[in-house]
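Novice: What follows is data-v4.csv, made up of CSV, N, CA and C atoms:
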chain,number,residue,atom,x,y,z
I,380,MET,N,-109.6,141.1,202.5
I,380,MET,CA,-110.7,140.2,202.8
I,380,MET,C,-111.5,139.9,201.6
I,381,ILE,N,-111.9,138.6,201.4
I,381,ILE,CA,-112.7,138.3,200.3
I,381,ILE,C,-114.1,137.8,200.8
I,382,LEU,N,-115.1,137.9,200.0
I,382,LEU,CA,-116.5,137.5,200.4
I,382,LEU,C,-116.7,136.1,199.7
I,383,LEU,N,-117.1,135.2,200.6
I,383,LEU,CA,-117.5,133.8,200.1
I,383,LEU,C,-118.8,133.4,200.7
I,384,THR,N,-119.4,132.3,200.2
I,384,THR,CA,-120.7,131.9,200.7
I,384,THR,C,-120.6,130.4,201.2
I,385,LYS,N,-121.0,130.2,202.4
I,385,LYS,CA,-121.1,128.8,203.0
I,385,LYS,C,-122.2,128.0,202.2
I,386,LEU,N,-122.1,126.7,202.4
I,386,LEU,CA,-123.1,125.9,201.7
I,386,LEU,C,-124.6,126.2,202.1
I,387,ASN,N,-124.7,126.7,203.3
I,387,ASN,CA,-126.1,127.1,203.8
I,387,ASN,C,-126.5,128.5,203.3
I,388,GLN,N,-125.8,129.0,202.3
I,388,GLN,CA,-126.1,130.3,201.7
I,388,GLN,C,-125.7,131.5,202.6
I,389,THR,N,-125.0,131.3,203.6
I,389,THR,CA,-124.5,132.4,204.5
I,389,THR,C,-123.3,133.0,204.0
I,390,PRO,N,-123.3,134.3,203.7
I,390,PRO,CA,-122.1,134.9,203.2
I,390,PRO,C,-121.1,135.2,204.4
I,391,PHE,N,-119.8,135.2,204.1
I,391,PHE,CA,-118.9,135.5,205.2
I,391,PHE,C,-117.6,136.1,204.5
I,392,THR,N,-116.8,136.8,205.2
I,392,THR,CA,-115.5,137.3,204.7
I,392,THR,C,-114.4,136.6,205.4
I,393,ILE,N,-113.3,136.4,204.6
I,393,ILE,CA,-112.2,135.7,205.2
I,393,ILE,C,-110.9,136.4,204.7
I,394,ASN,N,-109.9,136.4,205.5
I,394,ASN,CA,-108.6,137.0,205.1
I,394,ASN,C,-107.9,136.1,204.1
I,395,ALA,N,-107.8,136.4,202.9
I,395,ALA,CA,-107.2,135.5,201.9
I,395,ALA,C,-105.8,135.1,202.1
I,396,VAL,N,-105.1,135.9,202.9
I,396,VAL,CA,-103.7,135.6,203.3
I,396,VAL,C,-103.6,134.3,204.0
I,397,TYR,N,-104.6,133.9,204.8
I,397,TYR,CA,-104.6,132.7,205.6
I,397,TYR,C,-105.1,131.5,204.8
I,398,ILE,N,-105.4,131.6,203.5
I,398,ILE,CA,-105.8,130.4,202.7
I,398,ILE,C,-104.6,129.7,202.3
I,399,GLU,N,-104.5,128.4,202.7
I,399,GLU,CA,-103.4,127.5,202.3
I,399,GLU,C,-103.7,126.8,200.9
I,400,ARG,N,-104.9,126.3,200.7
I,400,ARG,CA,-105.3,125.7,199.5
I,400,ARG,C,-106.8,125.7,199.2
I,401,VAL,N,-107.2,125.5,198.0
I,401,VAL,CA,-108.6,125.4,197.6
I,401,VAL,C,-108.7,124.2,196.7
I,402,GLU,N,-109.7,123.3,197.1
I,402,GLU,CA,-109.8,122.1,196.3
I,402,GLU,C,-111.3,121.9,196.0
I,403,ALA,N,-111.5,121.1,194.9
I,403,ALA,CA,-112.9,120.7,194.6
I,403,ALA,C,-113.0,119.2,194.9
I,404,THR,N,-114.0,118.8,195.8
I,404,THR,CA,-114.0,117.5,196.3
I,404,THR,C,-115.4,116.8,196.3
I,405,PRO,N,-116.4,117.0,195.6
I,405,PRO,CA,-116.7,118.0,194.5
I,405,PRO,C,-117.1,119.4,195.0
I,406,ASP,N,-117.5,119.5,196.3
I,406,ASP,CA,-117.7,120.8,196.8
I,406,ASP,C,-116.4,121.5,196.9
I,407,THR,N,-116.4,122.8,196.8
I,407,THR,CA,-115.1,123.6,197.0
I,407,THR,C,-114.8,123.7,198.5
I,408,VAL,N,-113.6,123.3,198.8
I,408,VAL,CA,-113.1,123.3,200.2
I,408,VAL,C,-111.9,124.2,200.3
I,409,VAL,N,-112.1,125.2,201.2
I,409,VAL,CA,-111.0,126.2,201.4
I,409,VAL,C,-110.3,125.7,202.7
I,410,THR,N,-109.0,125.4,202.6
I,410,THR,CA,-108.2,125.0,203.8
I,410,THR,C,-107.4,126.2,204.2
I,411,LEU,N,-107.5,126.5,205.5
I,411,LEU,CA,-106.7,127.6,206.1
I,411,LEU,C,-105.4,127.1,206.6
I,412,VAL,N,-104.4,128.0,206.8
I,412,VAL,CA,-103.1,127.6,207.4
I,412,VAL,C,-103.3,127.0,208.7
I,413,SER,N,-104.3,127.3,209.4
I,413,SER,CA,-104.6,126.7,210.8
I,413,SER,C,-105.1,125.2,210.7
I,414,GLY,N,-105.4,124.8,209.4
I,414,GLY,CA,-105.9,123.4,209.2
I,414,GLY,C,-107.5,123.4,209.1
I,415,LYS,N,-108.1,124.5,209.5
I,415,LYS,CA,-109.6,124.5,209.4
I,415,LYS,C,-110.0,124.5,208.0
I,416,LYS,N,-111.1,123.7,207.7
I,416,LYS,CA,-111.6,123.6,206.4
I,416,LYS,C,-113.0,124.2,206.3
I,417,ILE,N,-113.3,124.9,205.2
I,417,ILE,CA,-114.6,125.6,205.0
I,417,ILE,C,-115.1,125.2,203.7
I,418,HIS,N,-116.3,124.7,203.6
I,418,HIS,CA,-117.0,124.3,202.3
I,418,HIS,C,-117.7,125.6,201.9
I,419,VAL,N,-117.5,125.9,200.6
I,419,VAL,CA,-118.1,127.1,200.0
I,419,VAL,C,-118.8,126.8,198.7
I,420,LEU,N,-119.8,127.7,198.3
I,420,LEU,CA,-120.5,127.5,197.1
I,420,LEU,C,-119.7,127.9,195.9
I,421,GLU,N,-118.8,128.9,196.0
I,421,GLU,CA,-118.0,129.3,194.8
I,421,GLU,C,-117.2,128.2,194.3
I,422,SER,N,-116.9,128.3,193.0
I,422,SER,CA,-116.0,127.3,192.4
I,422,SER,C,-114.6,127.6,192.8
I,423,VAL,N,-113.7,126.6,192.5
I,423,VAL,CA,-112.2,126.9,192.7
I,423,VAL,C,-111.8,128.1,191.9
I,424,GLY,N,-112.2,128.2,190.7
I,424,GLY,CA,-111.8,129.3,189.9
I,424,GLY,C,-112.3,130.7,190.4
I,425,GLU,N,-113.5,130.7,190.9
I,425,GLU,CA,-114.0,131.9,191.5
I,425,GLU,C,-113.2,132.3,192.8
I,426,VAL,N,-112.9,131.4,193.6
I,426,VAL,CA,-112.1,131.7,194.8
I,426,VAL,C,-110.7,132.1,194.4
I,427,THR,N,-110.1,131.5,193.5
I,427,THR,CA,-108.8,131.9,193.0
I,427,THR,C,-108.8,133.3,192.4
I,428,ASP,N,-109.8,133.6,191.6
I,428,ASP,CA,-109.9,135.0,191.1
I,428,ASP,C,-110.1,136.0,192.2
I,429,LYS,N,-110.9,135.7,193.2
I,429,LYS,CA,-111.1,136.6,194.3
I,429,LYS,C,-109.8,136.8,195.1
I,430,VAL,N,-109.0,135.7,195.3
I,430,VAL,CA,-107.8,135.8,196.1
I,430,VAL,C,-106.8,136.6,195.2
I,431,THR,N,-106.7,136.4,194.0
I,431,THR,CA,-105.8,137.1,193.1
I,431,THR,C,-106.1,138.6,193.1
I,432,ALA,N,-107.4,138.9,193.0
I,432,ALA,CA,-107.8,140.3,193.0
I,432,ALA,C,-107.4,141.0,194.3
I,433,TYR,N,-107.6,140.3,195.4
I,433,TYR,CA,-107.3,140.8,196.7
I,433,TYR,C,-105.8,141.0,196.8
I,434,TYR,N,-105.0,140.1,196.4
I,434,TYR,CA,-103.5,140.2,196.4
I,434,TYR,C,-103.1,141.4,195.6
I,435,GLN,N,-103.7,141.7,194.5
I,435,GLN,CA,-103.4,142.8,193.6
I,435,GLN,C,-103.8,144.1,194.3
I,436,GLN,N,-104.9,144.1,195.0
I,436,GLN,CA,-105.4,145.3,195.7
I,436,GLN,C,-104.5,145.7,196.8
I,437,ILE,N,-103.9,144.7,197.5
I,437,ILE,CA,-103.0,145.1,198.6
I,437,ILE,C,-101.5,145.1,198.2
I,438,SER,N,-101.3,145.0,196.9
I,438,SER,CA,-100.0,145.1,196.2
I,438,SER,C,-99.0,143.9,196.6
I,439,ILE,N,-99.6,142.7,196.9
I,439,ILE,CA,-98.8,141.5,197.1
I,439,ILE,C,-98.4,140.9,195.7
I,440,LEU,N,-99.3,141.0,194.8
I,440,LEU,CA,-99.2,140.5,193.5
I,440,LEU,C,-99.3,141.6,192.4
I,441,PRO,N,-98.4,141.8,191.6
I,441,PRO,CA,-98.5,142.9,190.6
I,441,PRO,C,-99.6,142.6,189.6
I,442,THR,N,-100.1,143.6,189.0
I,442,THR,CA,-101.1,143.4,187.9
I,442,THR,C,-100.3,143.0,186.7
I,443,ILE,N,-101.0,142.3,185.8
I,443,ILE,CA,-100.4,141.9,184.6
I,443,ILE,C,-100.9,142.8,183.5
I,444,GLN,N,-100.0,143.5,182.9
I,444,GLN,CA,-100.5,144.5,181.9
I,444,GLN,C,-100.4,143.8,180.5
I,445,LYS,N,-101.5,144.1,179.7
I,445,LYS,CA,-101.5,143.6,178.3
I,445,LYS,C,-100.6,144.4,177.5
I,446,PRO,N,-99.9,143.8,176.5
I,446,PRO,CA,-99.0,144.6,175.7
I,446,PRO,C,-99.8,145.6,174.8
I,447,ASP,N,-99.2,146.8,174.6
I,447,ASP,CA,-99.8,147.8,173.8
I,447,ASP,C,-99.6,147.5,172.3
I,448,PRO,N,-100.6,147.3,171.5
I,448,PRO,CA,-100.4,146.9,170.1
I,448,PRO,C,-99.7,148.0,169.3
I,449,MET,N,-99.7,149.2,169.8
I,449,MET,CA,-99.1,150.3,169.1
I,449,MET,C,-97.6,150.4,169.3
I,450,GLU,N,-97.1,149.6,170.2
I,450,GLU,CA,-95.6,149.7,170.5
I,450,GLU,C,-94.9,148.8,169.5
For the structure just supplied, provide its representation as structure tokens.
Specialist:
Amino acid sequence: MILLTKLNQTPFTINAVYIERVEATPDTVVTLVSGKKIHVLESVGEVTDKVTAYYQQISILPTIQKPDPME
């Protein structure tokens, strides 16, 4: 689950697995696989970062390791 904020400043959590797309129109609109659209205060980049972190947390997306300069 990720924490987002509706335009009326109300925080809510959403299961990131159900997010189909995120667009800037200019408000950020999160579209779910059900077709429901939610306008949020966070930028597209912030939502994307939260989704990526969630996927890594539940091991859907592997973490990217930086190369070791000593190797």
Novice: For atom N of Pro390 of chain I and atom CA of Gln435 of chain I, determine how far apart the two atoms are, in Å to one decimal place.
Specialist: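 Taking atom N of Pro390 of chain I as the start and atom CA of Gln435 of chain I as the end point, the length is 23.9 Å.
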Novice: Contacts of segment 381-388 of chain I at 6 Å or less, counting all atoms listed in the file, minus same-chain residues fewer than 5 places along, as a list in words?
Specialist: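 My reading of the contact set: Ile393, Asn394, Ala395, His418, Val419, Leu420 and Glu421 of chain I.
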Novice: If we count only C-alpha atoms and set the cut-off at 9 Å, which residues sit around Val408 of chain I, ignoring sequence neighbours fewer than 6 positions away in its own chain? Please answer as a VMD selection string.
Specialist: chain I and resid 400 to 402 416 to 419 423
Novice: Taking only C-alpha atoms into account, which of I:Val396, I:Gly424, I:Thr389, I:Thr407 comes nearest Ile437 of chain I?
Specialist: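 For Ile437 of chain I, the nearest of the given residues is I:Val396.
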Novice: Closest to Met380 of chain I among I:Thr410, I:Ser422, I:Val430, I:Lys415, using all atoms listed in the file?
Specialist: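 Ranked by minimum distance to Met380 of chain I, first place goes to I:Val430.
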Novice: Which one is closest to Val412 of chain I: I:Ile439, I:Ile398, I:Glu425, I:Ala432? Count only N, CA and C atoms.
Specialist: I:Ile398
Novice: Just the strand (DSSP E) stuff from chain I, please, per backbone DSSP, written as a list of chain:residue names.
Specialist: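 Those residues are I:Ile381, I:Leu382, I:Leu383, I:Thr384, I:Pro390, I:Phe391, I:Thr392, I:Ile393, I:Ile398, I:Glu399, I:Arg400, I:Val401, I:Glu402, I:Ala403, I:Thr407, I:Val408, I:Val409, I:Thr410, I:Leu411, I:Lys416, I:Ile417, I:His418, I:Val419.
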Novice: Return as a PyMOL selection string the full set of residues in segment 382-442 of chain I whose backbone-based DSSP assignment is alpha helix (DSSP H).
Specialist: chain I and resi 423-436
Novice: By how many Å are atom CA of Leu411 of chain I and atom CA of Glu399 of chain I apart?
Specialist: 5.0 Å
